[in-house]
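Note: the block below is run.txt and it holds compact mmCIF, C-alpha atoms.
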# COMPACT_ATOMS: atom_id res chain seq x y z
CA MET T 1 -33.65 114.61 72.11
CA LYS T 2 -35.72 111.52 72.98
CA LYS T 3 -37.13 110.97 76.45
CA TYR T 4 -37.86 107.46 77.71
CA THR T 5 -39.57 106.45 80.94
CA PHE T 6 -39.19 103.10 82.69
CA SER T 7 -40.71 101.44 85.72
CA THR T 8 -37.89 99.90 87.79
CA ASN T 9 -37.23 97.83 90.90
CA ILE T 10 -34.63 100.32 92.19
CA GLN T 11 -35.76 100.73 95.80
CA CYS T 12 -33.31 102.96 97.67
CA SER T 13 -30.23 105.15 97.47
CA ASN T 14 -28.00 102.08 97.89
CA CYS T 15 -29.64 100.51 94.83
CA LEU T 16 -29.21 103.81 93.03
CA SER T 17 -25.48 103.78 93.79
CA LYS T 18 -25.22 100.39 92.08
CA VAL T 19 -27.03 101.44 88.91
CA SER T 20 -25.44 104.91 88.65
CA PRO T 21 -22.08 103.75 87.23
CA LYS T 22 -23.79 101.63 84.58
CA LEU T 23 -25.98 104.50 83.39
CA ASN T 24 -23.15 107.05 83.66
CA GLU T 25 -20.83 104.93 81.49
CA GLN T 26 -23.50 104.34 78.84
CA VAL T 27 -22.50 106.42 75.83
CA GLY T 28 -25.44 108.38 74.47
CA ILE T 29 -27.29 109.16 77.71
CA HIS T 30 -27.61 112.92 78.09
CA THR T 31 -29.38 112.92 81.49
CA TRP T 32 -31.14 110.41 83.69
CA GLN T 33 -32.90 110.32 87.05
CA VAL T 34 -34.82 107.88 89.23
CA ASP T 35 -37.81 109.06 91.24
CA LEU T 36 -37.59 107.00 94.44
CA GLN T 37 -40.77 108.67 95.77
CA ASP T 38 -42.84 107.26 92.89
CA PRO T 39 -44.22 103.77 93.64
CA SER T 40 -43.06 102.69 90.16
CA ARG T 41 -39.53 103.98 90.91
CA THR T 42 -39.62 105.77 87.56
CA LEU T 43 -36.39 106.10 85.61
CA THR T 44 -36.40 108.94 83.07
CA VAL T 45 -33.66 109.04 80.44
CA GLU T 46 -32.91 111.67 77.81
CA THR T 47 -30.84 110.49 74.86
CA GLU T 48 -30.22 111.40 71.26
CA SER T 49 -29.05 108.01 70.03
CA LEU T 50 -30.03 105.12 72.31
CA ALA T 51 -32.95 102.76 71.92
CA PRO T 52 -35.00 101.79 75.00
CA GLU T 53 -33.56 98.26 74.83
CA GLU T 54 -30.00 99.60 75.27
CA ILE T 55 -31.04 101.51 78.38
CA ARG T 56 -32.84 98.46 79.75
CA LYS T 57 -29.68 96.38 79.26
CA ALA T 58 -27.55 98.95 81.11
CA VAL T 59 -29.92 98.78 84.10
CA LEU T 60 -29.93 94.98 83.91
CA LYS T 61 -26.10 94.93 84.12
CA ALA T 62 -26.46 96.52 87.55
CA GLY T 63 -28.92 93.81 88.60
CA PHE T 64 -32.17 95.73 88.23
CA ILE T 65 -35.18 95.54 85.95
CA ALA T 66 -36.46 98.43 83.82
CA THR T 67 -39.72 98.18 81.89
CA GLU T 68 -40.58 100.93 79.44
CA ILE T 69 -43.83 102.73 80.24
Final structure tokens representation of the file:
Amino acid sequence: MKKYTFSTNIQCSNCLSKVSPKLNEQVGIHTWQVDLQDPSRTLTVETESLAPEEIRKAVLKAGFIATEI
């Protein structure tokens, strides 16, 4: 299992509700979470098959930016 971490511009639970469907429908994501308490709004994703670019694109579809850290 690979674990990727991204800095995002997801600011609140409303933003999270917009990105959730995009990440949930992405085939290959085992688990994901966003730490809204972290100033970088860190997104952590566990996957067996996805590349960081595919995760970034899923977040972008919801209107947010994810930068791998």
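Using all atoms listed in the file, the smallest distance between any of T:Leu36, T:Val45, T:Leu23, T:Ile10 and T:Lys61 comes from T:Leu23.
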Q. Just how far from atom CA of T:Asp38 is atom CA of T:Lys22, in Å to one decimal?
A.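 Calculated distance between atom CA of T:Lys22 and atom CA of T:Asp38 is 21.5 Å.
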The residue from T:Ser40, T:Thr31, T:Asn14, T:Asn24 with the smallest atom-to-atom distance to T:Ile65, counting all atoms listed in the file, is T:Ser40
Inset, instruction - Would you list the residues near (-36.2, 105.8, 76.5) (no more than 10 Å away, in the coordinates of the file, using all atoms listed in the file) as a PyMOL selection string? - result: chain T and resi 2-6+29+32+43-56+67-69
Dump of C-alpha atoms for the selected residues, as a tab-separated table (two decimals), keeping the file's coordinate frame:
chain	number	residue	atom	x	y	z
T	2	LYS	CA	-35.72	111.52	72.98
T	3	LYS	CA	-37.13	110.97	76.45
T	4	TYR	CA	-37.86	107.46	77.71
T	5	THR	CA	-39.57	106.45	80.94
T	6	PHE	CA	-39.19	103.10	82.69
T	29	ILE	CA	-27.29	109.16	77.71
T	32	TRP	CA	-31.14	110.41	83.69
T	43	LEU	CA	-36.39	106.10	85.61
T	44	THR	CA	-36.40	108.94	83.07
T	45	VAL	CA	-33.66	109.04	80.44
T	46	GLU	CA	-32.91	111.67	77.81
T	47	THR	CA	-30.84	110.49	74.86
T	48	GLU	CA	-30.22	111.40	71.26
T	49	SER	CA	-29.05	108.01	70.03
T	50	LEU	CA	-30.03	105.12	72.31
T	51	ALA	CA	-32.95	102.76	71.92
T	52	PRO	CA	-35.00	101.79	75.00
T	53	GLU	CA	-33.56	98.26	74.83
T	54	GLU	CA	-30.00	99.60	75.27
T	55	ILE	CA	-31.04	101.51	78.38
T	56	ARG	CA	-32.84	98.46	79.75
T	67	THR	CA	-39.72	98.18	81.89
T	68	GLU	CA	-40.58	100.93	79.44
T	69	ILE	CA	-43.83	102.73	80.24
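The spacing separating atom CA of T:Asn9 from atom CA of T:Ala66 amounts to 7.1 Å.
The space separating atom CA of T:Cys15 from atom CA of T:Met1 comes to 27.0 Å.
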Checklist entry - With only C-alpha atoms as the atoms that count, which of T:Thr42, T:Gln26, T:Gln33, T:Ser20 lies nearest to T:Ala62? => result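 Smallest distance to T:Ala62 is found for T:Ser20.
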Selected chain T, written as a short mmCIF file (atom, residue, chain, number, x, y, z; two decimals), in the first residue's frame, C-alpha atoms:
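File produced: decode-v9.cif:
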data_model
loop_
_atom_site.label_atom_id
_atom_site.label_comp_id
_atom_site.auth_asym_id
_atom_site.auth_seq_id
_atom_site.Cartn_x
_atom_site.Cartn_y
_atom_site.Cartn_z
CA MET T 1 0.00 0.00 0.00
CA LYS T 2 1.35 3.43 -0.96
CA LYS T 3 0.65 6.51 1.13
CA TYR T 4 0.67 9.97 -0.44
CA THR T 5 0.37 13.33 1.30
CA PHE T 6 -0.81 16.56 -0.32
CA SER T 7 -1.15 20.16 0.76
CA THR T 8 -4.60 21.42 -0.31
CA ASN T 9 -6.79 24.51 -0.34
CA ILE T 10 -9.75 22.62 1.18
CA GLN T 11 -10.78 25.02 3.94
CA CYS T 12 -13.92 23.72 5.66
CA SER T 13 -16.45 20.93 5.94
CA ASN T 14 -18.46 22.43 3.06
CA CYS T 15 -15.37 22.22 0.84
CA LEU T 16 -14.84 18.69 2.08
CA SER T 17 -18.38 17.76 1.02
CA LYS T 18 -17.56 18.90 -2.52
CA VAL T 19 -14.34 16.90 -2.81
CA SER T 20 -15.63 13.77 -1.05
CA PRO T 21 -17.64 12.39 -4.00
CA LYS T 22 -14.69 12.83 -6.36
CA LEU T 23 -12.29 10.97 -4.07
CA ASN T 24 -14.88 8.32 -3.17
CA GLU T 25 -15.57 7.53 -6.84
CA GLN T 26 -11.87 7.31 -7.71
CA VAL T 27 -11.12 3.63 -8.26
CA GLY T 28 -7.98 2.57 -6.44
CA ILE T 29 -8.22 4.76 -3.34
CA HIS T 30 -8.27 2.55 -0.26
CA THR T 31 -8.66 5.35 2.34
CA TRP T 32 -8.31 9.11 2.43
CA GLN T 33 -8.67 11.93 4.93
CA VAL T 34 -8.19 15.69 5.12
CA ASP T 35 -6.82 17.29 8.29
CA LEU T 36 -8.70 20.60 8.48
CA GLN T 37 -6.81 21.50 11.69
CA ASP T 38 -3.46 21.47 9.86
CA PRO T 39 -2.61 24.85 8.27
CA SER T 40 -1.65 22.97 5.07
CA ARG T 41 -5.05 21.20 5.06
CA THR T 42 -3.20 17.94 4.53
CA LEU T 43 -4.84 15.25 2.41
CA THR T 44 -3.53 11.74 3.07
CA VAL T 45 -4.39 8.99 0.59
CA GLU T 46 -3.65 5.27 0.75
CA THR T 47 -3.73 3.44 -2.57
CA GLU T 48 -2.31 0.34 -4.16
CA SER T 49 -2.52 1.44 -7.78
CA LEU T 50 -2.86 5.21 -8.24
CA ALA T 51 -0.13 7.70 -9.04
CA PRO T 52 -0.07 11.06 -7.22
CA GLU T 53 -1.09 12.81 -10.46
CA GLU T 54 -4.33 10.80 -10.62
CA ILE T 55 -5.23 11.83 -7.08
CA ARG T 56 -4.37 15.46 -7.84
CA LYS T 57 -6.69 15.37 -10.87
CA ALA T 58 -9.57 13.94 -8.79
CA VAL T 59 -9.21 16.83 -6.31
CA LEU T 60 -8.99 19.31 -9.19
CA LYS T 61 -12.30 18.01 -10.61
CA ALA T 62 -13.93 19.19 -7.39
CA GLY T 63 -12.37 22.64 -7.82
CA PHE T 64 -9.50 22.35 -5.35
CA ILE T 65 -5.73 22.21 -5.58
CA ALA T 66 -3.58 19.41 -4.17
CA THR T 67 0.21 19.62 -4.15
CA GLU T 68 2.19 16.55 -3.18
CA ILE T 69 4.42 17.06 -0.14
#
